[in-house]
There are 4 protein chains.
Amino acid sequence: MHKIMNNERFRAAILGATGYTGLEVAALLERHPRIRATHLTSEAAAGERVPGSRQQYVRAADVPLDEVDVVFTCLPHGESGAWSLRAHAAGARVIDLSSDLRDGREGAVYGLPELWRGAVRGADLVANPGCYPTGVLLALAPLLSSGLMDADRPVMIDAASGVTGAGRTAQRALLFGEVAEDYRAYGAGNTHRHVPEMARGLSVSAGRAVQFVFTPHLLPVRRGILETMYVPVSQSVTAADVSAAWRSAYGAEPFIDVWEDGLPGLRATVHRNAVALGAAAVAGVDAPLVLVVASFDNLLKGAAGQAVQNANLMLGLCEHEGLPR
Amino acid sequence: MHKIMNNERFRAAILGATGYTGLEVAALLERHPRIRATHLTSEAAAGERVPGSRQQYVRAADVPLDEVDVVFTCLPHGESGAWSLRAHAAGARVIDLSSDLRDGREGAVYGLPELWRGAVRGADLVANPGCYPTGVLLALAPLLSSGLMDADRPVMIDAASGVTGAGRTAQRALLFGEVAEDYRAYGAGNTHRHVPEMARGLSVSAGRAVQFVFTPHLLPVRRGILETMYVPVSQSVTAADVSAAWRSAYGAEPFIDVWEDGLPGLRATVHRNAVALGAAAVAGVDAPLVLVVASFDNLLKGAAGQAVQNANLMLGLCEHEGLPR
Amino acid sequence: MHKIMNNERFRAAILGATGYTGLEVAALLERHPRIRATHLTSEAAAGERVPGSRQQYVRAADVPLDEVDVVFTCLPHGESGAWSLRAHAAGARVIDLSSDLRDGREGAVYGLPELWRGAVRGADLVANPGCYPTGVLLALAPLLSSGLMDADRPVMIDAASGVTGAGRTAQRALLFGEVAEDYRAYGAGNTHRHVPEMARGLSVSAGRAVQFVFTPHLLPVRRGILETMYVPVSQSVTAADVSAAWRSAYGAEPFIDVWEDGLPGLRATVHRNAVALGAAAVAGVDAPLVLVVASFDNLLKGAAGQAVQNANLMLGLCEHEGLPR
Amino acid sequence: MHKIMNNERFRAAILGATGYTGLEVAALLERHPRIRATHLTSEAAAGERVPGSRQQYVRAADVPLDEVDVVFTCLPHGESGAWSLRAHAAGARVIDLSSDLRDGREGAVYGLPELWRGAVRGADLVANPGCYPTGVLLALAPLLSSGLMDADRPVMIDAASGVTGAGRTAQRALLFGEVAEDYRAYGAGNTHRHVPEMARGLSVSAGRAVQFVFTPHLLPVRRGILETMYVPVSQSVTAADVSAAWRSAYGAEPFIDVWEDGLPGLRATVHRNAVALGAAAVAGVDAPLVLVVASFDNLLKGAAGQAVQNANLMLGLCEHEGLPR
């Protein structure tokens, strides 16, 4: 464990620094007053210069894990977790951005500060939430814990994500020529990798299993996620009640914008580490519903921004240090 | 009423020929073997040459309505219906592409051939369906009439449309600088203009009122609509049952593609006069649901293509004449 | 050599039918009244069904080359030429869409019908021009042969192409996440593969070497090429003279649009087998110049459309058969 | 004239705060440690709340011009200059972002700090450069003043700009439905409004008139300008000489990136207040040429960022205060 001195600048390693989330962590740390990325890894680009910097990419195996204070593991799912555990064993604080440790294995703490800040603050090993679950959980947790939401009927979660959420590995389905002018569902019918993670988070918030259907779509934009949720509510619950529950839960949170009226679009949060939440009434149906929209940048609050937020907490720094609001 | 001679080429007027739907009708008629656009109107561009043609735009008031065989009225909502009635009174067959006559007023027939072909065939005055309702009704009508769909629970209809659906009138919200890199819901909570039209069509198909929630979104693409529907079904109804119901209803239809497996994306139907339908199972929820996706080109099967399809029927021509499949 | 009977439908093979040009040839042949694609090849997708068809992809080696009338070779550069020669030896008429045979080797005829139609008509083996050279040669050849253009000063050719011109092979630089919101030069300083092909075509037209600088850029659109050329002209030559030279050269050509005033944008020609040409005066410089713009669809007149046009000529069909104008 | 105290926060008014440049100035000032936007004007939105703020928009006539330290005038060309003079007369330091005062009238200083910093530092009234001239002048001035560039032959400047450069006023030509999937030249042949401004700047740098041809194109992206220049050079001048001249001129400049090899694309500078410059050799032409590319964000270094940079200089602040590098 490292002693932290006042105004010390922490040394960070970014494992997998040429993918979209790794690039974004690096960009954030460039402007971070207290954390400096001393090691950026890339197996393919090892030895090449980091663009706009005097540093060179190194291989992950060449990072002295015991000499850095914090490690951001941005490697592919399946590979990331093992590196995170190795770094953790070497004494570093670790934020793993893959889905490998999100089920809590190996004592990893689920790093969604607005819901479970206390656990993050004391943690050495944090599993950074998936992009889709971040918006879903921040929107629905207060409605579940307050009892506004009816957990007996399923909530439909229709989501659309920019393509950087799918990673930077070359594959035909993600070529510009395939994605431009298109829009399509994928991982439909609750088959997406994030479904178990959402299920865990929702059931913790509700104290019981929560029924939901999740349908992600691929949007022809680079960044941003919009989640439109058809929330079953108790009789007589209004959109205003939903907003009030959010304000009550998140009043002082710097990274959550509760919209008083209107629904946020993608643009409201792109390039910011924030989730915007809005609610609208639904007319003409017997079963009481409130329409809820969550908007956020999949690379910031949905990945790298949240990872830095977690790092700030783990290192005892001001939580919003170095983050664009 | 005009006598129709063999191989005669019908004369058509397009009222409002510089909006997106009017332009598309004109483009279709250019390649149509039996219908020729003899009059294209534009109040703003009257006297100017139609691009790529020797014709000039004229004012709507200068069209000799009694000398054309068919009129496509592509004027703004609120203005269009009156012109359609005028043309109808002058003896022309009329297809109105606005929402003005879709409630059946003045004897207008709702022109969705795959569901109500007989009525269209004998009609002189047709209200061309709205873009969103076209996909919703074609997807759900067979499920309602066959009893597969449970009309006691609401179906959630999450839709995304390219911007040409919003028309070509200059407004800030539709500037490239506003729409690009964005995605947003609008007309949420069953407040969109197409909701009553959907309600009518669904209740006719079901023989009773149908509960639904419709949320359209604005997509940063030029053309195409994708509708993702969370369809409540009777216990034990599978995605395969849904496909089978569509095949049974639409087996011979040239403009409906039933996907055997997988869900269609936008690209599958853009630039074609077709609706593609796909169904997928939903795991992990108690209430039985099937996920349904409809994809179509808002300017073709959602507007101009369907209008020409209706015109073909009204004029006794082959229904697919001049239409890209 | 095959005897051609009246109204016979020719059998075509498309070698490499899952790349962008192969897909486009297949789409054109679907609507072609006289040529039918009987064999579509894909090494990766062999045995899978061709979308929207009852055919299956086969391996190139499994095509009975002596049983087809015409072969469209749409394979990668370096691989394509050998297959074309093999098909040619087997007796098929061949159009090679790669750059392999464009230098005239093996007796291949350069297939730019508007400039060298006679040669194409009698040919059995045609090298289909590159996308960029198509626009450059069609724009400049009449200015060179008429002496309007001053071949002693270099013409600057600034070009922008949609990404489908770069092929459909998965590579990071062509991911949506890389190309969207970006615009960049590549192959600058006359290093692009198409430069020798342009040099050949220009020098044939001029009867001498022609100085030029070619700079392609990657445009965040799917299809379309716009070439902006700074054409040095003889003293007193005007933009109107340039247009007149085009009209004189191309008066009856169905696939060339000479714009009388204004410069064509990309949209004017996308989804059509046409090149649009426009000229504008340049004020404020001593050296006489005319600005010339060529616009065309890289997949149609720049590749597949031109290939079908060549096939029509080679098979003695009407040149515009099956081509969208 | 205001006395400036240490750590005082300057009050700024933004006249025209709902256009793209006004919005961008406001966004920059939100994070600026020393300048605070106390008044944001909009005639259309007066009385409405500024999004994400507790302020309200006011009418321009209601701004107490004598109580603010600095005024950013972001009004339409033709209107802006008069307001700037009014604010200047009232004692404010003024940066006018329109083209109204760029010819030096009324003693306005042309605010391109990297070339004429001294003049800006002492100025009370600054004309902020146009977006296109910013890149052209920063790229070419060092080549002209060092004599590397041959001013006897014209330099071709082929430019492409994102649509936010055209303003936020609703007009059909800027709708998403018109701009998406398109690319087109406009203001061709040296007819664009920025041509006289470029001519002035280039001739000041060269000490003589400079021949050039400028062709802007509209790019389907929101922000960013890429300028590709065909620079005539003295015999034997290489791309490396060009880079060396830039490094010599701009060595310590925080907002200019000289690329050692390769040419910058749009993405290199978007969302940063920087111009990236790159040079490449041109092969195969007799007349010596170097290809030069300038990339920058039209809203930052091309407008609002440069305006804040000018304000920093005028107010005696650190020049890069509050600016994203």
# chains A, B, ... in the order shown; residues from 1 in each chain; ligands from 1
>>> select_by_dssp(residues="range 256-302 of chain D", states="strand (DSSP E or B)", output="list of chain:residue names")
D:Ile256, D:Asp257, D:Val258, D:Val275, D:Ala276, D:Leu277, D:Gly278, D:Ala279, D:Ala280, D:Ala281, D:Leu289, D:Val290, D:Leu291, D:Val292, D:Val293, D:Ala294, D:Ser295, D:Phe296
>>> interface_residues(of="chain C", to="chain D", cutoff="6 Å", atoms="only C-alpha atoms", output="number ranges by chain")
C: 181-184, 189-190, 211, 221, 265-267, 281-283, 285
>>> select_by_dssp(residues="range 231-325 of chain D", states="helix (DSSP H, G or I)", output="PyMOL selection string")
chain D and resi 239-250+266-268+300-314
>>> residues_around(residues="range 84-97 of chain C", least_positions_apart="6", cutoff="6 Å", atoms="only C-alpha atoms", output="ChimeraX atom specification")
/C:65-66,69-74,124-128
>>> residues_around(residues="range 140-148 of chain B", least_positions_apart="3", cutoff="7 Å", atoms="only C-alpha atoms", output="list in words")
Val136, Leu137, Leu202, Ser205, Ala206, Val233, Ser234, Val237, Val242, Ala245, Trp246 and Ala249 of chain B
>>> atom_distance(atom1="CA of Pro33 in chain C", atom2="CA of Gly322 in chain C")
6.5 Å
>>> residues_around(residues="Pro129 in chain C", least_positions_apart="4", cutoff="7 Å", atoms="only C-alpha atoms", output="VMD selection string")
chain C and resid 102 110 to 112 133 to 134
>>> write_last_selection(atoms="N, CA, C and O atoms", output="compact mmCIF listing (two decimals), in the first residue's frame")
# COMPACT_ATOMS: atom_id res chain seq x y z
N ARG C 102 -5.07 -2.68 -66.09
CA ARG C 102 -5.37 -1.36 -66.68
C ARG C 102 -4.22 -0.78 -67.48
O ARG C 102 -4.39 0.23 -68.15
N TYR C 110 -8.95 -0.89 -72.24
CA TYR C 110 -9.34 0.02 -71.16
C TYR C 110 -10.77 0.47 -71.41
O TYR C 110 -11.06 1.16 -72.40
N GLY C 111 -11.66 0.11 -70.49
CA GLY C 111 -13.09 0.23 -70.77
C GLY C 111 -13.76 1.52 -70.35
O GLY C 111 -14.61 1.50 -69.46
N LEU C 112 -13.41 2.59 -71.02
CA LEU C 112 -14.08 3.87 -70.76
C LEU C 112 -14.85 4.23 -72.03
O LEU C 112 -14.33 4.90 -72.92
N PRO C 133 -9.83 7.87 -61.86
CA PRO C 133 -9.50 8.19 -63.26
C PRO C 133 -10.74 8.42 -64.13
O PRO C 133 -10.70 9.23 -65.07
N THR C 134 -11.84 7.70 -63.84
CA THR C 134 -13.04 7.87 -64.65
C THR C 134 -13.47 9.33 -64.74
O THR C 134 -13.68 9.87 -65.82
>>> atom_distance(atom1="CA of Glu260 in chain A", atom2="CA of Gly165 in chain A")
28.5 Å
>>> residues_around(residues="Tyr57 in chain C", least_positions_apart="4", cutoff="10 Å", atoms="only C-alpha atoms", output="list in words")
Gly16, Ala17, Thr18, His39, Leu40, Thr41, Ser42, Glu43, Ala44, Ala45, Ala46, Gly47, Glu48, Arg49, Val50 and Pro51 of chain C
>>> atom_distance(atom1="CA of Asn310 in chain C", atom2="CA of Leu29 in chain C")
13.1 Å
